[in-house]
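Just below is one structure, and these are the notes that go with it.
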Amino acid sequence: MGILTILEFPDERLRKIAQPVDVVDNSIKTLVEDMFETMYAAQGVGLAATQVNVQKRIIVIDVSENKNEPLCLINPKIVNQLGSAEGNEGCLSVPGFFEPVKRAEQVLVQALDKEGQSFELQAEGLLGVCIQHEIDHLEGKLFVDYLSSLKRQRIKKKLEKIHKAEQR
Ligand code: GNR
Ligand code: NI
């Protein structure tokens with residue numbers, strides 16, 4: 001498969017709710033590899049399966065400087081969260097826009113790794129933000145949903161204009 005197409009807002013497929021993975025088999029491992037390839041090619045720090053039109057609860061993340069710390073979370077669940085902090089967010093599905101969003105400051109997340117093994121991870125900073133942003137994708141939620149409807153509408157119109165121009 002290789003590099004996958006990333007859906008862009010306001011594509012309705014970004015609103016679908018992802019289903020849990022029941023067995024981490026070879027087809028899931030191939031999908032995870034393709035998601036990493038897609039994320040690195042797009043220079044993102046995270047990617048949710050929903051963004052590549054796959055309705056499974058899988059996210060990949062790499063917030064490291066040298067892009068050598070891949071992190072895969074399957075069926076992720078936030079089991080605890082602490083504090084709140086606002087930071088600028090962007091999204092590969094909302095290209096070109098960055099806006100402040102309030103999130104939990106720290107999260108404790110439980111998930112399966114790409115071998116199907118359960119693990120827990122405590123995260124803060126960009127990693128913490130990224131985990132929350134990606135889990136939102138699995139619920140059909142985008143960072144623009146936290147903005148005022150005026151801001152969201154403006155972003156929607158601008159992206160629709162760009163998508164129309166690209167079609168021609
Ligand atoms: O690449 C990304 N950068 C980013 C920056 C701040 C907060 C969240 C993110 S996630 C984003 C990649 C993406 O869209 N993942 O779904
Ligand atoms: Ni995103």
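By order of appearance in the structure tokens: chains A, B, ..., then residues from 1 within every chain, and ligands from 1 in the order shown.
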
Item to check | Non-local contacts of A:Ala123 (7 Å; only C-alpha atoms; under 3 positions in same chain excluded) as an MDAnalysis selection string | outcome: chainID A and resid 106:108 127:128

Next on the checklist: I want to know what sits within 8 Å of stretch 18-31 of chain A, based on only C-alpha atoms, with residues of the same chain fewer than 5 positions away left out; could you give that as a ChimeraX atom specification?
Outcome noted: /A:50,54-58,74-75,114-116,138-140

Output file for the selection above: N, CA and C atoms, as a compact mmCIF listing (two decimals), in the first residue's frame:
```txt
# COMPACT_ATOMS: atom_id res chain seq x y z
N THR A 50 -8.64 7.03 11.08
CA THR A 50 -9.79 7.77 10.53
C THR A 50 -9.36 8.73 9.41
N VAL A 54 -9.89 4.73 7.31
CA VAL A 54 -10.00 3.38 7.90
C VAL A 54 -10.63 3.56 9.28
N GLN A 55 -11.78 2.90 9.49
CA GLN A 55 -12.52 3.13 10.74
C GLN A 55 -12.12 2.12 11.82
N LYS A 56 -10.82 2.12 12.15
CA LYS A 56 -10.29 1.26 13.21
C LYS A 56 -9.56 2.12 14.23
N ARG A 57 -9.56 1.66 15.50
CA ARG A 57 -8.99 2.48 16.57
C ARG A 57 -7.46 2.27 16.64
N ILE A 58 -6.78 2.94 15.71
CA ILE A 58 -5.32 2.85 15.59
C ILE A 58 -4.76 4.26 15.42
N ILE A 74 -3.01 1.06 19.77
CA ILE A 74 -4.21 0.40 19.25
C ILE A 74 -5.23 0.32 20.39
N ASN A 75 -6.48 0.66 20.10
CA ASN A 75 -7.55 0.71 21.10
C ASN A 75 -7.16 1.57 22.31
N LYS A 114 1.97 -2.59 18.64
CA LYS A 114 1.76 -3.24 17.33
C LYS A 114 1.95 -4.75 17.37
N GLU A 115 2.37 -5.26 18.54
CA GLU A 115 2.44 -6.71 18.74
C GLU A 115 1.19 -7.22 19.48
N GLY A 116 0.30 -6.30 19.82
CA GLY A 116 -0.92 -6.70 20.52
C GLY A 116 -0.76 -6.76 22.03
N LEU A 138 -10.53 9.42 16.38
CA LEU A 138 -11.20 8.11 16.40
C LEU A 138 -12.67 8.24 16.77
N GLU A 139 -13.01 9.37 17.41
CA GLU A 139 -14.41 9.67 17.78
C GLU A 139 -15.08 10.59 16.76
N GLY A 140 -14.39 10.84 15.65
CA GLY A 140 -14.96 11.72 14.62
C GLY A 140 -14.88 13.19 14.97
```

Checklist entry - If you run DSSP on the backbone, which residues of stretch 94-134 of chain A are strand (DSSP E or B), as a list in words? => result Glu99, Pro100, Val101, Lys102, Arg103, Gln106, Val107, Leu108, Val109, Gln110, Ala111, Leu112, Ser118, Phe119, Glu120, Leu121, Gln122, Ala123 and Glu124 of chain A

For the selection you just gave me, I'd like the residues written to a file as a PDB file, in the first residue's frame, keeping N, CA, C and O atoms.
```
ATOM      1  N   GLU A  99      -4.550  26.904  15.680  1.00  0.00           N
ATOM      2  CA  GLU A  99      -5.367  27.650  16.639  1.00  0.00           C
ATOM      3  C   GLU A  99      -5.188  27.051  18.035  1.00  0.00           C
ATOM      4  O   GLU A  99      -4.957  25.859  18.177  1.00  0.00           O
ATOM      5  N   PRO A 100      -5.325  27.907  19.070  1.00  0.00           N
ATOM      6  CA  PRO A 100      -5.198  27.400  20.439  1.00  0.00           C
ATOM      7  C   PRO A 100      -6.370  26.510  20.854  1.00  0.00           C
ATOM      8  O   PRO A 100      -7.528  26.808  20.533  1.00  0.00           O
ATOM      9  N   VAL A 101      -6.029  25.403  21.512  1.00  0.00           N
ATOM     10  CA  VAL A 101      -7.026  24.454  22.030  1.00  0.00           C
ATOM     11  C   VAL A 101      -6.636  24.092  23.460  1.00  0.00           C
ATOM     12  O   VAL A 101      -5.459  23.919  23.762  1.00  0.00           O
ATOM     13  N   LYS A 102      -7.643  24.003  24.329  1.00  0.00           N
ATOM     14  CA  LYS A 102      -7.409  23.633  25.728  1.00  0.00           C
ATOM     15  C   LYS A 102      -7.548  22.120  25.876  1.00  0.00           C
ATOM     16  O   LYS A 102      -8.527  21.534  25.400  1.00  0.00           O
ATOM     17  N   ARG A 103      -6.565  21.516  26.507  1.00  0.00           N
ATOM     18  CA  ARG A 103      -6.532  20.059  26.704  1.00  0.00           C
ATOM     19  C   ARG A 103      -6.097  19.761  28.135  1.00  0.00           C
ATOM     20  O   ARG A 103      -5.566  20.633  28.815  1.00  0.00           O
ATOM     21  N   GLN A 106      -1.839  16.461  31.455  1.00  0.00           N
ATOM     22  CA  GLN A 106      -1.189  15.154  31.572  1.00  0.00           C
ATOM     23  C   GLN A 106      -2.239  14.079  31.368  1.00  0.00           C
ATOM     24  O   GLN A 106      -3.351  14.222  31.862  1.00  0.00           O
ATOM     25  N   VAL A 107      -1.875  13.036  30.659  1.00  0.00           N
ATOM     26  CA  VAL A 107      -2.800  11.909  30.509  1.00  0.00           C
ATOM     27  C   VAL A 107      -2.070  10.605  30.787  1.00  0.00           C
ATOM     28  O   VAL A 107      -0.871  10.466  30.520  1.00  0.00           O
ATOM     29  N   LEU A 108      -2.831   9.662  31.336  1.00  0.00           N
ATOM     30  CA  LEU A 108      -2.346   8.288  31.467  1.00  0.00           C
ATOM     31  C   LEU A 108      -3.175   7.485  30.483  1.00  0.00           C
ATOM     32  O   LEU A 108      -4.412   7.472  30.568  1.00  0.00           O
ATOM     33  N   VAL A 109      -2.508   6.871  29.505  1.00  0.00           N
ATOM     34  CA  VAL A 109      -3.223   6.158  28.448  1.00  0.00           C
ATOM     35  C   VAL A 109      -2.846   4.679  28.470  1.00  0.00           C
ATOM     36  O   VAL A 109      -1.690   4.326  28.723  1.00  0.00           O
ATOM     37  N   GLN A 110      -3.835   3.830  28.244  1.00  0.00           N
ATOM     38  CA  GLN A 110      -3.619   2.383  28.130  1.00  0.00           C
ATOM     39  C   GLN A 110      -3.951   2.011  26.694  1.00  0.00           C
ATOM     40  O   GLN A 110      -4.912   2.521  26.112  1.00  0.00           O
ATOM     41  N   ALA A 111      -3.140   1.134  26.108  1.00  0.00           N
ATOM     42  CA  ALA A 111      -3.350   0.747  24.706  1.00  0.00           C
ATOM     43  C   ALA A 111      -2.659  -0.585  24.435  1.00  0.00           C
ATOM     44  O   ALA A 111      -1.951  -1.114  25.294  1.00  0.00           O
ATOM     45  N   LEU A 112      -2.865  -1.111  23.231  1.00  0.00           N
ATOM     46  CA  LEU A 112      -2.089  -2.245  22.745  1.00  0.00           C
ATOM     47  C   LEU A 112      -1.008  -1.704  21.816  1.00  0.00           C
ATOM     48  O   LEU A 112      -1.254  -0.741  21.072  1.00  0.00           O
ATOM     49  N   SER A 118      -0.546  -5.181  25.772  1.00  0.00           N
ATOM     50  CA  SER A 118      -1.075  -4.033  26.504  1.00  0.00           C
ATOM     51  C   SER A 118       0.046  -3.256  27.187  1.00  0.00           C
ATOM     52  O   SER A 118       0.991  -3.856  27.712  1.00  0.00           O
ATOM     53  N   PHE A 119      -0.038  -1.929  27.156  1.00  0.00           N
ATOM     54  CA  PHE A 119       0.926  -1.103  27.893  1.00  0.00           C
ATOM     55  C   PHE A 119       0.257   0.178  28.367  1.00  0.00           C
ATOM     56  O   PHE A 119      -0.808   0.543  27.878  1.00  0.00           O
ATOM     57  N   GLU A 120       0.887   0.837  29.329  1.00  0.00           N
ATOM     58  CA  GLU A 120       0.419   2.144  29.796  1.00  0.00           C
ATOM     59  C   GLU A 120       1.508   3.167  29.560  1.00  0.00           C
ATOM     60  O   GLU A 120       2.693   2.845  29.583  1.00  0.00           O
ATOM     61  N   LEU A 121       1.076   4.399  29.330  1.00  0.00           N
ATOM     62  CA  LEU A 121       2.016   5.477  29.042  1.00  0.00           C
ATOM     63  C   LEU A 121       1.516   6.754  29.697  1.00  0.00           C
ATOM     64  O   LEU A 121       0.342   7.111  29.544  1.00  0.00           O
ATOM     65  N   GLN A 122       2.393   7.413  30.442  1.00  0.00           N
ATOM     66  CA  GLN A 122       2.047   8.725  30.988  1.00  0.00           C
ATOM     67  C   GLN A 122       2.635   9.767  30.053  1.00  0.00           C
ATOM     68  O   GLN A 122       3.799   9.674  29.674  1.00  0.00           O
ATOM     69  N   ALA A 123       1.823  10.745  29.660  1.00  0.00           N
ATOM     70  CA  ALA A 123       2.291  11.708  28.660  1.00  0.00           C
ATOM     71  C   ALA A 123       1.877  13.121  29.015  1.00  0.00           C
ATOM     72  O   ALA A 123       0.796  13.362  29.557  1.00  0.00           O
ATOM     73  N   GLU A 124       2.777  14.073  28.695  1.00  0.00           N
ATOM     74  CA  GLU A 124       2.489  15.503  28.848  1.00  0.00           C
ATOM     75  C   GLU A 124       3.134  16.227  27.671  1.00  0.00           C
ATOM     76  O   GLU A 124       3.687  15.579  26.776  1.00  0.00           O
TER      77      GLU A 124
END
```

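Between A:Arg15 and the residues A:Ala42, A:Cys91, A:Leu142, A:Ala104, the shortest atom-to-atom distance, using only C-alpha atoms, involves A:Leu142.
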
Residues of chain A that approach ligand 1 to 7 Å or less, counting only C-alpha atoms and all ligand atoms: could you list each one with the shortest pair of atoms and its distance in Å to one decimal, rows by chain and increasing residue number, as a Markdown table?
```
| residue | atom | partner | partner_atom_place_in_ligand_line | distance |
| --- | --- | --- | --- | --- |
| A:Gln43 | CA | ligand 1 | 1 (O) | 6.6 |
| A:Gly44 | CA | ligand 1 | 1 (O) | 3.3 |
| A:Val45 | CA | ligand 1 | 1 (O) | 4.1 |
| A:Gly46 | CA | ligand 1 | 15 (N) | 4.3 |
| A:Leu47 | CA | ligand 1 | 15 (N) | 4.2 |
| A:Ala48 | CA | ligand 1 | 16 (O) | 5.5 |
| A:Asn88 | CA | ligand 1 | 6 (C) | 6.0 |
| A:Glu89 | CA | ligand 1 | 6 (C) | 3.7 |
| A:Gly90 | CA | ligand 1 | 5 (C) | 4.7 |
| A:Cys91 | CA | ligand 1 | 14 (O) | 3.2 |
| A:Leu92 | CA | ligand 1 | 14 (O) | 3.9 |
| A:Ser93 | CA | ligand 1 | 14 (O) | 5.8 |
| A:Leu126 | CA | ligand 1 | 7 (C) | 6.8 |
| A:Val129 | CA | ligand 1 | 7 (C) | 6.0 |
| A:Cys130 | CA | ligand 1 | 8 (C) | 4.9 |
| A:His133 | CA | ligand 1 | 8 (C) | 5.9 |
| A:Glu134 | CA | ligand 1 | 16 (O) | 5.0 |
| A:His137 | CA | ligand 1 | 16 (O) | 6.7 |
```

Keeping only N, CA, C and O atoms, write those residues as a CSV table (one decimal), in the first residue's frame.
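Saved the output as part-v8.csv:
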```csv
chain,number,residue,atom,x,y,z
A,43,GLN,N,5.0,15.0,7.2
A,43,GLN,CA,5.7,15.7,8.2
A,43,GLN,C,4.8,16.1,9.4
A,43,GLN,O,4.8,17.2,10.0
A,44,GLY,N,3.9,15.1,9.7
A,44,GLY,CA,3.1,15.2,10.9
A,44,GLY,C,3.7,14.6,12.1
A,44,GLY,O,4.6,13.7,12.0
A,45,VAL,N,3.2,14.9,13.3
A,45,VAL,CA,3.7,14.2,14.5
A,45,VAL,C,2.8,13.1,15.0
A,45,VAL,O,3.1,12.4,15.9
A,46,GLY,N,1.6,13.0,14.3
A,46,GLY,CA,0.7,11.9,14.6
A,46,GLY,C,-0.3,11.7,13.5
A,46,GLY,O,-0.4,12.5,12.5
A,47,LEU,N,-1.0,10.5,13.5
A,47,LEU,CA,-2.0,10.2,12.5
A,47,LEU,C,-2.9,9.2,13.0
A,47,LEU,O,-2.5,8.2,13.6
A,48,ALA,N,-4.2,9.4,12.8
A,48,ALA,CA,-5.2,8.4,13.2
A,48,ALA,C,-5.8,7.7,12.0
A,48,ALA,O,-5.8,8.3,10.9
A,88,ASN,N,-1.2,25.8,20.8
A,88,ASN,CA,-1.6,25.8,19.4
A,88,ASN,C,-1.6,24.5,18.8
A,88,ASN,O,-0.7,23.7,19.0
A,89,GLU,N,-2.7,24.2,18.0
A,89,GLU,CA,-2.8,22.9,17.4
A,89,GLU,C,-3.0,23.1,15.9
A,89,GLU,O,-3.6,24.0,15.4
A,90,GLY,N,-2.5,22.1,15.1
A,90,GLY,CA,-2.7,22.0,13.7
A,90,GLY,C,-3.2,20.6,13.5
A,90,GLY,O,-3.2,19.8,14.4
A,91,CYS,N,-3.5,20.3,12.2
A,91,CYS,CA,-4.0,18.9,11.9
A,91,CYS,C,-3.7,18.7,10.4
A,91,CYS,O,-4.0,19.6,9.5
A,92,LEU,N,-3.2,17.5,10.0
A,92,LEU,CA,-3.0,17.2,8.6
A,92,LEU,C,-4.3,17.2,7.8
A,92,LEU,O,-4.2,17.4,6.6
A,93,SER,N,-5.4,17.0,8.5
A,93,SER,CA,-6.7,17.1,7.8
A,93,SER,C,-7.3,18.5,7.8
A,93,SER,O,-8.4,18.7,7.2
A,126,LEU,N,3.8,18.0,24.2
A,126,LEU,CA,3.3,17.7,22.8
A,126,LEU,C,2.8,16.3,22.7
A,126,LEU,O,1.8,16.1,22.0
A,129,VAL,N,-0.7,16.2,24.2
A,129,VAL,CA,-1.6,16.9,23.3
A,129,VAL,C,-1.9,16.0,22.1
A,129,VAL,O,-3.1,15.8,21.7
A,130,CYS,N,-0.9,15.4,21.6
A,130,CYS,CA,-1.0,14.6,20.3
A,130,CYS,C,-1.9,13.4,20.6
A,130,CYS,O,-2.8,13.1,19.8
A,133,HIS,N,-5.5,14.6,20.8
A,133,HIS,CA,-5.9,15.0,19.4
A,133,HIS,C,-6.2,13.7,18.5
A,133,HIS,O,-7.2,13.7,17.8
A,134,GLU,N,-5.4,12.7,18.6
A,134,GLU,CA,-5.6,11.5,17.8
A,134,GLU,C,-6.8,10.7,18.3
A,134,GLU,O,-7.6,10.2,17.5
A,137,HIS,N,-9.8,12.1,16.9
A,137,HIS,CA,-10.1,11.7,15.5
A,137,HIS,C,-10.9,10.3,15.5
A,137,HIS,O,-11.8,10.2,14.6
```

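Restricting the calculation to only C-alpha atoms and all ligand atoms, the smallest distance between ligand 2 and any of A:Met39, A:Ala85, A:Val94, A:Leu4 is found for A:Val94.
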
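For the pair atom CA of A:Met35 and atom CA of A:Phe9, the interatomic distance is 18.7 Å.
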
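Comparing the minimum interatomic distances between ligand 2 and each of A:Ala41, A:Leu73, A:Val144, A:Ile162, counting only C-alpha atoms and all ligand atoms, we find that A:Val144 sits nearest.
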
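From atom CA of A:Tyr40 back to atom CA of A:Leu71, the distance works out to 12.4 Å.
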
Checklist entry - Can you list, as JSON, numbers by chain, every residue of stretch 2-143 of chain A that DSSP puts in alpha helix (DSSP H)? => result {"A": [26, 27, 28, 29, 30, 31, 32, 33, 34, 35, 36, 37, 38, 39, 40, 41, 125, 126, 127, 128, 129, 130, 131, 132, 133, 134, 135, 136, 137, 138]}
